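Containing mmCIF, C-alpha atoms: query_11.cif.
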data_data
#
loop_
_atom_site.label_atom_id
_atom_site.label_comp_id
_atom_site.auth_asym_id
_atom_site.auth_seq_id
_atom_site.Cartn_x
_atom_site.Cartn_y
_atom_site.Cartn_z
CA MET A 1 -53.02 -23.85 -28.57
CA THR A 2 -49.89 -25.71 -27.48
CA GLY A 3 -47.82 -23.00 -25.80
CA GLY A 4 -48.32 -20.49 -23.02
CA GLY A 5 -46.50 -17.67 -24.79
CA ARG A 6 -47.98 -15.26 -27.31
CA LEU A 7 -46.37 -14.27 -30.61
CA PHE A 8 -46.64 -10.64 -31.62
CA GLY A 9 -46.02 -9.70 -35.25
CA ILE A 10 -44.81 -6.14 -34.82
CA GLY A 11 -44.87 -3.80 -37.81
CA VAL A 12 -42.13 -1.24 -37.21
CA GLY A 13 -42.89 1.05 -40.15
CA PRO A 14 -40.95 2.12 -43.24
CA GLY A 15 -37.71 3.33 -41.68
CA ASP A 16 -38.19 6.49 -39.63
CA PRO A 17 -38.24 5.37 -35.96
CA GLU A 18 -40.84 8.04 -35.18
CA LEU A 19 -43.32 6.23 -37.43
CA LEU A 20 -43.45 3.27 -35.03
CA THR A 21 -46.93 3.03 -33.50
CA LEU A 22 -47.62 3.60 -29.82
CA LYS A 23 -48.91 0.03 -29.49
CA ALA A 24 -45.77 -1.42 -31.06
CA ALA A 25 -43.57 0.60 -28.69
CA ARG A 26 -45.59 -0.50 -25.65
CA LEU A 27 -45.43 -4.18 -26.53
CA LEU A 28 -41.72 -4.04 -27.34
CA ARG A 29 -40.90 -2.53 -23.96
CA ALA A 30 -42.66 -5.47 -22.29
CA ALA A 31 -41.45 -8.30 -24.55
CA PRO A 32 -39.06 -10.79 -22.90
CA VAL A 33 -37.93 -12.06 -26.33
CA VAL A 34 -37.48 -9.97 -29.48
CA ALA A 35 -36.82 -11.66 -32.83
CA HIS A 36 -35.77 -10.03 -36.10
CA PHE A 37 -34.53 -10.89 -39.58
CA ALA A 38 -31.37 -9.56 -41.22
CA LYS A 39 -29.20 -9.98 -44.26
CA SER A 40 -26.19 -12.20 -43.60
CA GLY A 41 -23.36 -10.04 -42.22
CA ALA A 42 -25.55 -6.94 -41.90
CA ASP A 43 -27.53 -5.27 -39.16
CA SER A 44 -31.27 -5.82 -39.01
CA GLN A 45 -33.15 -2.87 -40.49
CA ALA A 46 -36.19 -3.67 -38.37
CA ARG A 47 -34.09 -3.72 -35.21
CA ARG A 48 -32.47 -0.40 -36.13
CA ILE A 49 -35.91 1.16 -36.35
CA ALA A 50 -37.25 -0.31 -33.11
CA GLY A 51 -34.05 -0.64 -31.07
CA SER A 52 -34.70 2.20 -28.62
CA HIS A 53 -37.91 0.49 -27.44
CA ILE A 54 -36.42 -2.96 -26.72
CA ALA A 55 -36.09 -3.66 -22.99
CA PRO A 56 -32.44 -3.86 -21.82
CA GLY A 57 -32.87 -7.39 -20.47
CA ALA A 58 -34.75 -8.83 -23.44
CA GLU A 59 -33.36 -11.90 -25.14
CA GLU A 60 -32.88 -11.39 -28.88
CA LEU A 61 -33.19 -13.92 -31.69
CA ARG A 62 -31.46 -12.84 -34.90
CA PHE A 63 -32.28 -14.80 -38.04
CA ALA A 64 -29.85 -14.20 -40.93
CA PHE A 65 -31.25 -14.94 -44.38
CA PRO A 66 -29.26 -17.58 -46.31
CA TYR A 67 -29.78 -15.57 -49.51
CA THR A 68 -30.97 -12.13 -50.54
CA THR A 69 -29.92 -11.47 -54.15
CA GLU A 70 -27.17 -14.07 -54.59
CA ILE A 71 -29.24 -16.60 -56.58
CA PRO A 72 -32.49 -16.30 -58.58
CA ARG A 73 -35.54 -16.12 -56.32
CA GLY A 74 -37.47 -18.54 -58.50
CA SER A 75 -34.85 -21.29 -58.45
CA LEU A 76 -35.38 -24.58 -56.64
CA ALA A 77 -32.25 -24.01 -54.53
CA TYR A 78 -33.61 -20.66 -53.35
CA ARG A 79 -37.03 -22.05 -52.47
CA GLU A 80 -35.59 -25.00 -50.59
CA ALA A 81 -33.07 -22.92 -48.65
CA MET A 82 -35.68 -20.31 -47.68
CA ALA A 83 -38.19 -22.97 -46.63
CA ALA A 84 -35.58 -24.56 -44.36
CA PHE A 85 -34.66 -21.12 -43.02
CA TYR A 86 -38.23 -20.29 -42.05
CA ASP A 87 -38.73 -23.79 -40.61
CA GLU A 88 -35.78 -23.22 -38.29
CA ALA A 89 -36.85 -19.69 -37.35
CA ALA A 90 -40.36 -20.91 -36.53
CA ALA A 91 -38.96 -23.78 -34.45
CA ASN A 92 -36.78 -21.41 -32.42
CA ILE A 93 -39.70 -19.10 -31.78
CA ALA A 94 -41.96 -22.05 -30.91
CA ALA A 95 -39.45 -23.19 -28.28
CA MET A 96 -39.75 -19.82 -26.57
CA LEU A 97 -43.54 -19.88 -26.74
CA ASP A 98 -43.63 -23.43 -25.38
CA GLY A 99 -41.65 -22.16 -22.40
CA GLY A 100 -44.34 -19.60 -21.69
CA ARG A 101 -42.41 -16.59 -23.01
CA ASP A 102 -43.95 -13.99 -25.28
CA VAL A 103 -42.04 -13.22 -28.49
CA ALA A 104 -42.15 -9.97 -30.46
CA LEU A 105 -41.13 -10.62 -34.06
CA LEU A 106 -40.16 -7.38 -35.81
CA CYS A 107 -41.15 -6.71 -39.40
CA GLU A 108 -40.32 -3.72 -41.57
CA GLY A 109 -43.45 -1.92 -42.73
CA ASP A 110 -46.52 -4.01 -41.98
CA PRO A 111 -46.28 -7.73 -41.02
CA LEU A 112 -48.87 -8.84 -43.59
CA PHE A 113 -47.67 -6.72 -46.52
CA TYR A 114 -44.73 -8.40 -48.28
CA GLY A 115 -43.31 -9.15 -44.82
CA SER A 116 -41.13 -12.07 -43.69
CA PHE A 117 -43.37 -12.44 -40.65
CA MET A 118 -45.98 -14.10 -42.85
CA TYR A 119 -43.84 -17.19 -43.40
CA VAL A 120 -43.43 -17.74 -39.66
CA ASN A 121 -47.14 -17.09 -39.19
CA ASP A 122 -47.89 -19.76 -41.81
CA ARG A 123 -45.98 -22.29 -39.72
CA LEU A 124 -47.27 -21.35 -36.26
CA ALA A 125 -50.86 -20.15 -36.79
CA GLY A 126 -53.38 -22.40 -35.06
CA ARG A 127 -50.77 -23.74 -32.67
CA TYR A 128 -50.05 -20.56 -30.75
CA ALA A 129 -51.81 -17.32 -29.86
CA ILE A 130 -50.70 -14.71 -32.39
CA GLU A 131 -51.46 -10.99 -32.45
CA ILE A 132 -50.67 -8.75 -35.43
CA VAL A 133 -49.65 -5.15 -34.76
CA PRO A 134 -50.09 -3.22 -38.03
CA GLY A 135 -47.33 -0.89 -39.16
CA VAL A 136 -47.04 2.07 -41.52
CA THR A 137 -46.32 0.53 -44.91
CA ALA A 138 -43.31 1.47 -47.01
CA MET A 139 -45.58 2.84 -49.73
CA ALA A 140 -47.47 5.07 -47.26
CA GLY A 141 -44.21 6.35 -45.83
CA CYS A 142 -42.89 7.07 -49.33
CA TRP A 143 -45.94 8.82 -50.72
CA GLY A 144 -46.03 10.92 -47.56
CA ARG A 145 -42.49 12.05 -48.32
CA VAL A 146 -43.29 12.73 -51.99
CA GLY A 147 -46.44 14.69 -51.14
CA ALA A 148 -48.24 13.75 -54.37
CA PRO A 149 -51.89 12.63 -53.95
CA MET A 150 -52.11 8.98 -54.95
CA THR A 151 -55.87 8.53 -55.34
CA ARG A 152 -58.85 10.85 -55.58
CA GLY A 153 -62.58 10.19 -55.76
CA GLU A 154 -63.25 6.79 -57.32
CA ASP A 155 -59.64 6.13 -58.37
CA SER A 156 -58.33 2.57 -58.16
CA LEU A 157 -54.84 1.79 -56.87
CA ALA A 158 -52.73 -1.14 -58.09
CA VAL A 159 -49.95 -2.54 -55.91
CA LEU A 160 -47.55 -4.54 -58.07
CA ALA A 161 -44.38 -6.52 -57.41
CA GLY A 162 -41.39 -5.46 -59.50
CA THR A 163 -40.35 -9.11 -59.65
CA ALA A 164 -43.31 -9.88 -61.94
CA GLU A 165 -42.93 -10.37 -65.69
CA GLU A 166 -42.76 -7.18 -67.75
CA GLU A 167 -46.03 -7.84 -69.58
CA ALA A 168 -47.87 -8.50 -66.31
CA LEU A 169 -46.53 -5.25 -64.90
CA ALA A 170 -47.60 -3.31 -67.99
CA GLN A 171 -51.09 -4.81 -67.86
CA GLY A 172 -51.47 -4.03 -64.16
CA LEU A 173 -50.31 -0.46 -64.70
CA ARG A 174 -52.78 0.11 -67.54
CA ALA A 175 -55.69 -1.24 -65.48
CA ALA A 176 -55.49 1.22 -62.57
CA ASP A 177 -55.66 4.98 -62.04
CA ALA A 178 -52.59 4.97 -59.78
CA ALA A 179 -49.96 2.42 -58.86
CA VAL A 180 -47.19 1.42 -56.52
CA VAL A 181 -44.48 -0.92 -57.78
CA MET A 182 -42.73 -2.59 -54.87
CA LYS A 183 -39.35 -4.33 -54.94
CA ALA A 184 -37.81 -1.99 -57.50
CA GLY A 185 -34.13 -2.59 -56.71
CA ARG A 186 -32.61 -4.85 -59.37
CA ASN A 187 -35.87 -4.76 -61.35
CA LEU A 188 -35.73 -1.05 -62.15
CA SER A 189 -34.98 -1.37 -65.87
CA LYS A 190 -37.87 -3.80 -66.36
CA ILE A 191 -40.20 -1.53 -64.39
CA ARG A 192 -39.19 1.44 -66.53
CA ARG A 193 -39.94 -0.50 -69.72
CA ALA A 194 -43.34 -1.56 -68.39
CA LEU A 195 -44.17 2.04 -67.49
CA GLU A 196 -43.17 3.16 -70.98
CA ARG A 197 -45.42 0.49 -72.52
CA ALA A 198 -48.29 1.67 -70.30
CA GLY A 199 -47.67 5.32 -71.18
CA LEU A 200 -47.00 6.24 -67.55
CA LEU A 201 -43.27 6.91 -67.33
CA ASP A 202 -43.80 10.67 -67.12
CA ARG A 203 -45.82 10.23 -63.89
CA ALA A 204 -43.50 7.70 -62.23
CA ILE A 205 -41.48 8.67 -59.15
CA LEU A 206 -38.61 6.58 -57.79
CA VAL A 207 -38.18 6.62 -54.01
CA GLU A 208 -35.04 5.04 -52.57
CA ARG A 209 -34.68 4.50 -48.80
CA GLY A 210 -37.92 6.35 -48.14
CA THR A 211 -38.05 7.96 -44.65
CA MET A 212 -34.55 6.60 -43.93
CA PRO A 213 -31.12 8.22 -43.90
CA GLY A 214 -29.93 8.60 -47.49
CA GLU A 215 -33.45 9.04 -48.86
CA ARG A 216 -33.61 9.90 -52.58
CA ILE A 217 -36.70 10.99 -54.51
CA VAL A 218 -36.44 11.51 -58.27
CA ALA A 219 -38.61 11.33 -61.40
CA LEU A 220 -37.98 7.86 -62.80
CA ALA A 221 -37.47 9.32 -66.28
CA ASP A 222 -34.48 11.22 -64.84
CA ALA A 223 -32.98 8.12 -63.18
CA PRO A 224 -31.38 6.13 -66.02
CA ALA A 225 -29.56 3.68 -63.72
CA ALA A 226 -30.33 -0.01 -64.27
CA GLU A 227 -30.79 -0.68 -60.54
CA ALA A 228 -31.96 1.13 -57.44
CA ALA A 229 -31.22 0.70 -53.75
CA TYR A 230 -32.52 -2.45 -52.05
CA PHE A 231 -35.17 -0.40 -50.22
CA SER A 232 -36.87 1.30 -53.14
CA LEU A 233 -40.23 1.52 -54.87
CA VAL A 234 -41.92 3.41 -57.70
CA LEU A 235 -45.02 5.56 -57.25
CA VAL A 236 -47.42 6.49 -60.05
CA PRO A 237 -49.79 9.13 -58.57
CA THR A 238 -53.25 9.76 -59.96
CA ALA A 239 -53.65 12.06 -62.95
CA ARG A 240 -57.09 13.18 -61.68
CA ALA A 241 -57.17 16.86 -60.76
CA GLY A 242 -58.58 18.08 -57.46
CA THR A 243 -61.94 19.83 -57.22
#
Please express the file's structure as structure tokens.
Amino acid sequence: MTGGGRLFGIGVGPGDPELLTLKAARLLRAAPVVAHFAKSGADSQARRIAGSHIAPGAEELRFAFPYTTEIPRGSLAYREAMAAFYDEAAANIAAMLDGGRDVALLCEGDPLFYGSFMYVNDRLAGRYAIEIVPGVTAMAGCWGRVGAPMTRGEDSLAVLAGTAEEEALAQGLRAADAAVVMKAGRNLSKIRRALERAGLLDRAILVERGTMPGERIVALADAPAAEAAYFSLVLVPTARAGT
């Protein structure tokens, strides 16, 4: 290990500040440096969730993404820009750790579940002491709000990315008893088609801004819009009846 500081990957939960864990709150109150990601020109969602627990004197590092939806995620320009972005973020955090200061890096949901923290962890793991603080995932927060049992008995659950190809989504949906499709947003029309191909549209539930202000829960079949809010996912609860 090269630095005296410790990096904490803090999962802050799906949006409701009361779903932050006790451990996350304790560590945030003690952290001398708090880092968070945000869209360019927008407030950090993770900071909004955890803000009341940040110590008044803490130094904050705000990393603004160069892109969110402006260019295709699979393009070379996107990959290069995001790699440079995470290189710089990791270097800034490493400078704090080298100076002996602990850093709490906030992450919406859980740090190791589709979280930006992972890309910093990739760059710093092995060089610094890192502790992961799990958070309530977006899907858990959303299915708690829906109140529909997701799995029973020996059911299998598929977690799919809405950015995948339509055929891959349809295959994944057919293979499991229940499913969560993350990253709905601009992929909603494709997700709807995949659900139709899998014969599951009638069970699909769209959750936008789950546990946050402006939350919306609707049967996907009744939501004909081509896109959903940035923070959105689709739930397909189990069809198995209770005993």
Report as an MDAnalysis selection string the full result of the PyMOL selection byres ((chain A and resi 96) around 10) when it is applied to this structure. chainID A and resid 3:7 32:33 91:95 97:103
Shell of 12 Å around Glu88 in chain A, all atoms listed in the file, local chain residues under 6 positions omitted, as a PyMOL selection string: chain A and resi 61-66+81-82+94-95+119-120+123-124
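Against this structure, the PyMOL selection byres ((chain A and resi 214) around 12) ends up with A:Gly15, A:Asp16, A:Val207, A:Glu208, A:Arg209, A:Gly210, A:Thr211, A:Met212, A:Pro213, A:Glu215, A:Arg216, A:Ile217, A:Ala229, A:Phe231, A:Ser232.
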Which residues come within 9 Å of Asn121 in chain A, counting only C-alpha atoms, excluding same-chain residues fewer than 4 positions away, as a ChimeraX atom specification? /A:9,90,117,125,130
Could you name the residues that touch Pro111 in chain A at 8 Å or less, counting all atoms listed in the file, but leaving out those on the same chain fewer than 3 positions away, as a list in words? Gly9, Ile10, Gly11, Cys107, Glu108, Tyr114, Gly115, Ser116, Phe117, Met118, Ile132, Val133, Pro134 and Gly135 of chain A
Please produce a file of those selected residues containing C-alpha atoms, as a PDB file, keeping the file's coordinate frame.
ATOM      1  CA  GLY A   9     -46.020  -9.700 -35.250  1.00  0.00           C
ATOM      2  CA  ILE A  10     -44.810  -6.140 -34.820  1.00  0.00           C
ATOM      3  CA  GLY A  11     -44.870  -3.800 -37.810  1.00  0.00           C
ATOM      4  CA  CYS A 107     -41.150  -6.710 -39.400  1.00  0.00           C
ATOM      5  CA  GLU A 108     -40.320  -3.720 -41.570  1.00  0.00           C
ATOM      6  CA  TYR A 114     -44.730  -8.400 -48.280  1.00  0.00           C
ATOM      7  CA  GLY A 115     -43.310  -9.150 -44.820  1.00  0.00           C
ATOM      8  CA  SER A 116     -41.130 -12.070 -43.690  1.00  0.00           C
ATOM      9  CA  PHE A 117     -43.370 -12.440 -40.650  1.00  0.00           C
ATOM     10  CA  MET A 118     -45.980 -14.100 -42.850  1.00  0.00           C
ATOM     11  CA  ILE A 132     -50.670  -8.750 -35.430  1.00  0.00           C
ATOM     12  CA  VAL A 133     -49.650  -5.150 -34.760  1.00  0.00           C
ATOM     13  CA  PRO A 134     -50.090  -3.220 -38.030  1.00  0.00           C
ATOM     14  CA  GLY A 135     -47.330  -0.890 -39.160  1.00  0.00           C
TER      15      GLY A 135
END
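Applied to this file, the PyMOL selection byres ((chain A and resi 174) around 12) selects the residues Ser156, Leu157, Ala158, Leu160, Glu167, Ala168, Leu169, Ala170, Gln171, Gly172, Leu173, Ala175, Ala176, Asp177, Ala178, Ala179, Ala194, Leu195, Glu196, Arg197, Ala198, Gly199, Leu200, Leu201 and Val236 of chain A.
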Rounded to one decimal place, report the CA of Val234 in chain A-CA of Thr163 in chain A distance in Å. 12.8 Å
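Coordinates place CA of Ser189 in chain A at a distance of 22.2 Å from CA of Thr238 in chain A.
Closest approach to Asp222 in chain A from the set A:Arg203, A:Arg240, A:Arg29, A:His36 is made by A:Arg203, with distances taken over only C-alpha atoms.
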Using CA of Val180 in chain A and CA of Ala161 in chain A as the two end points, give the distance in Å to one decimal. 8.5 Å
For Leu220 in chain A, which residue among A:Leu233, A:Ala55, A:Ile205, A:Glu165 is the nearest when counting all atoms listed in the file? A:Ile205
Around the point (-33.7, -6.2, -36.2) in the file's coordinates, collect all residues with an atom within 10 Å, using only C-alpha atoms, and return them as a VMD selection string. chain A and resid 12 34 to 39 42 to 51 60 to 63 105 to 108
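Using all atoms listed in the file, the shortest contact distance between Gly185 in chain A and any of A:Gly162, A:Gly242, A:Pro237, A:Gly153 is found at A:Gly162.
When all atoms listed in the file are used to measure the gap to Ala148 in chain A, the shortest distance among A:Ala129, A:Glu166, A:Leu235, A:Lys190 belongs to A:Leu235.
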Complete range 184-195 of chain A at the level of all heavy atoms, written as a PDB file, in the frame of the given file.
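What landed in rebuild_8.pdb:
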ATOM      1  N   ALA A 184     -38.421  -2.543 -56.286  1.00  0.00           N
ATOM      2  CA  ALA A 184     -37.810  -1.990 -57.500  1.00  0.00           C
ATOM      3  C   ALA A 184     -36.375  -2.487 -57.645  1.00  0.00           C
ATOM      4  O   ALA A 184     -36.075  -3.241 -58.556  1.00  0.00           O
ATOM      5  CB  ALA A 184     -37.889  -0.470 -57.480  1.00  0.00           C
ATOM      6  N   GLY A 185     -35.490  -2.080 -56.761  1.00  0.00           N
ATOM      7  CA  GLY A 185     -34.130  -2.590 -56.710  1.00  0.00           C
ATOM      8  C   GLY A 185     -33.528  -3.002 -58.034  1.00  0.00           C
ATOM      9  O   GLY A 185     -33.352  -2.205 -58.948  1.00  0.00           O
ATOM     10  N   ARG A 186     -33.224  -4.289 -58.158  1.00  0.00           N
ATOM     11  CA  ARG A 186     -32.610  -4.850 -59.370  1.00  0.00           C
ATOM     12  C   ARG A 186     -33.589  -4.950 -60.533  1.00  0.00           C
ATOM     13  O   ARG A 186     -33.193  -5.298 -61.647  1.00  0.00           O
ATOM     14  CB  ARG A 186     -32.033  -6.225 -59.047  1.00  0.00           C
ATOM     15  CG  ARG A 186     -30.985  -6.215 -57.940  1.00  0.00           C
ATOM     16  CD  ARG A 186     -30.538  -7.602 -57.566  1.00  0.00           C
ATOM     17  NE  ARG A 186     -29.702  -8.213 -58.586  1.00  0.00           N
ATOM     18  CZ  ARG A 186     -29.285  -9.475 -58.552  1.00  0.00           C
ATOM     19  NH1 ARG A 186     -29.656 -10.262 -57.559  1.00  0.00           N
ATOM     20  NH2 ARG A 186     -28.522  -9.952 -59.508  1.00  0.00           N
ATOM     21  N   ASN A 187     -34.852  -4.655 -60.297  1.00  0.00           N
ATOM     22  CA  ASN A 187     -35.870  -4.760 -61.350  1.00  0.00           C
ATOM     23  C   ASN A 187     -36.177  -3.424 -62.008  1.00  0.00           C
ATOM     24  O   ASN A 187     -37.127  -3.317 -62.777  1.00  0.00           O
ATOM     25  CB  ASN A 187     -37.161  -5.333 -60.745  1.00  0.00           C
ATOM     26  CG  ASN A 187     -36.965  -6.690 -60.109  1.00  0.00           C
ATOM     27  OD1 ASN A 187     -36.673  -7.661 -60.788  1.00  0.00           O
ATOM     28  ND2 ASN A 187     -37.111  -6.761 -58.801  1.00  0.00           N
ATOM     29  N   LEU A 188     -35.371  -2.404 -61.734  1.00  0.00           N
ATOM     30  CA  LEU A 188     -35.730  -1.050 -62.150  1.00  0.00           C
ATOM     31  C   LEU A 188     -35.839  -0.913 -63.667  1.00  0.00           C
ATOM     32  O   LEU A 188     -36.772  -0.273 -64.172  1.00  0.00           O
ATOM     33  CB  LEU A 188     -34.710  -0.052 -61.601  1.00  0.00           C
ATOM     34  CG  LEU A 188     -35.110   1.418 -61.729  1.00  0.00           C
ATOM     35  CD1 LEU A 188     -36.381   1.697 -60.950  1.00  0.00           C
ATOM     36  CD2 LEU A 188     -33.978   2.324 -61.224  1.00  0.00           C
ATOM     37  N   SER A 189     -34.923  -1.489 -64.413  1.00  0.00           N
ATOM     38  CA  SER A 189     -34.980  -1.370 -65.870  1.00  0.00           C
ATOM     39  C   SER A 189     -36.259  -1.984 -66.432  1.00  0.00           C
ATOM     40  O   SER A 189     -36.910  -1.411 -67.320  1.00  0.00           O
ATOM     41  CB  SER A 189     -33.761  -2.041 -66.513  1.00  0.00           C
ATOM     42  OG  SER A 189     -32.580  -1.344 -66.214  1.00  0.00           O
ATOM     43  N   LYS A 190     -36.631  -3.143 -65.917  1.00  0.00           N
ATOM     44  CA  LYS A 190     -37.870  -3.800 -66.360  1.00  0.00           C
ATOM     45  C   LYS A 190     -39.085  -2.953 -66.008  1.00  0.00           C
ATOM     46  O   LYS A 190     -40.015  -2.810 -66.822  1.00  0.00           O
ATOM     47  CB  LYS A 190     -37.971  -5.185 -65.716  1.00  0.00           C
ATOM     48  CG  LYS A 190     -39.248  -5.925 -66.033  1.00  0.00           C
ATOM     49  CD  LYS A 190     -39.270  -7.312 -65.417  1.00  0.00           C
ATOM     50  CE  LYS A 190     -39.139  -7.291 -63.915  1.00  0.00           C
ATOM     51  NZ  LYS A 190     -39.211  -8.633 -63.300  1.00  0.00           N
ATOM     52  N   ILE A 191     -39.091  -2.376 -64.816  1.00  0.00           N
ATOM     53  CA  ILE A 191     -40.200  -1.530 -64.390  1.00  0.00           C
ATOM     54  C   ILE A 191     -40.308  -0.306 -65.300  1.00  0.00           C
ATOM     55  O   ILE A 191     -41.411   0.084 -65.713  1.00  0.00           O
ATOM     56  CB  ILE A 191     -40.024  -1.107 -62.920  1.00  0.00           C
ATOM     57  CG1 ILE A 191     -40.126  -2.336 -62.004  1.00  0.00           C
ATOM     58  CG2 ILE A 191     -41.048  -0.051 -62.526  1.00  0.00           C
ATOM     59  CD1 ILE A 191     -39.684  -2.077 -60.579  1.00  0.00           C
ATOM     60  N   ARG A 192     -39.179   0.272 -65.637  1.00  0.00           N
ATOM     61  CA  ARG A 192     -39.190   1.440 -66.530  1.00  0.00           C
ATOM     62  C   ARG A 192     -39.785   1.078 -67.892  1.00  0.00           C
ATOM     63  O   ARG A 192     -40.596   1.825 -68.453  1.00  0.00           O
ATOM     64  CB  ARG A 192     -37.774   2.005 -66.696  1.00  0.00           C
ATOM     65  CG  ARG A 192     -37.725   3.270 -67.550  1.00  0.00           C
ATOM     66  CD  ARG A 192     -36.305   3.737 -67.803  1.00  0.00           C
ATOM     67  NE  ARG A 192     -35.694   4.267 -66.605  1.00  0.00           N
ATOM     68  CZ  ARG A 192     -34.749   3.649 -65.881  1.00  0.00           C
ATOM     69  NH1 ARG A 192     -34.315   2.446 -66.264  1.00  0.00           N
ATOM     70  NH2 ARG A 192     -34.257   4.200 -64.812  1.00  0.00           N
ATOM     71  N   ARG A 193     -39.388  -0.070 -68.427  1.00  0.00           N
ATOM     72  CA  ARG A 193     -39.940  -0.500 -69.720  1.00  0.00           C
ATOM     73  C   ARG A 193     -41.447  -0.714 -69.638  1.00  0.00           C
ATOM     74  O   ARG A 193     -42.198  -0.332 -70.548  1.00  0.00           O
ATOM     75  CB  ARG A 193     -39.241  -1.770 -70.200  1.00  0.00           C
ATOM     76  CG  ARG A 193     -37.775  -1.584 -70.566  1.00  0.00           C
ATOM     77  CD  ARG A 193     -37.249  -2.802 -71.318  1.00  0.00           C
ATOM     78  NE  ARG A 193     -37.402  -4.052 -70.597  1.00  0.00           N
ATOM     79  CZ  ARG A 193     -36.486  -4.556 -69.757  1.00  0.00           C
ATOM     80  NH1 ARG A 193     -35.357  -3.882 -69.523  1.00  0.00           N
ATOM     81  NH2 ARG A 193     -36.682  -5.713 -69.156  1.00  0.00           N
ATOM     82  N   ALA A 194     -41.907  -1.320 -68.553  1.00  0.00           N
ATOM     83  CA  ALA A 194     -43.340  -1.560 -68.390  1.00  0.00           C
ATOM     84  C   ALA A 194     -44.110  -0.249 -68.292  1.00  0.00           C
ATOM     85  O   ALA A 194     -45.205  -0.106 -68.853  1.00  0.00           O
ATOM     86  CB  ALA A 194     -43.585  -2.413 -67.139  1.00  0.00           C
ATOM     87  N   LEU A 195     -43.538   0.718 -67.601  1.00  0.00           N
ATOM     88  CA  LEU A 195     -44.170   2.040 -67.490  1.00  0.00           C
ATOM     89  C   LEU A 195     -44.230   2.723 -68.855  1.00  0.00           C
ATOM     90  O   LEU A 195     -45.231   3.365 -69.201  1.00  0.00           O
ATOM     91  CB  LEU A 195     -43.408   2.900 -66.490  1.00  0.00           C
ATOM     92  CG  LEU A 195     -43.639   2.549 -65.017  1.00  0.00           C
ATOM     93  CD1 LEU A 195     -42.510   3.076 -64.153  1.00  0.00           C
ATOM     94  CD2 LEU A 195     -44.977   3.115 -64.547  1.00  0.00           C
TER      95      LEU A 195
END
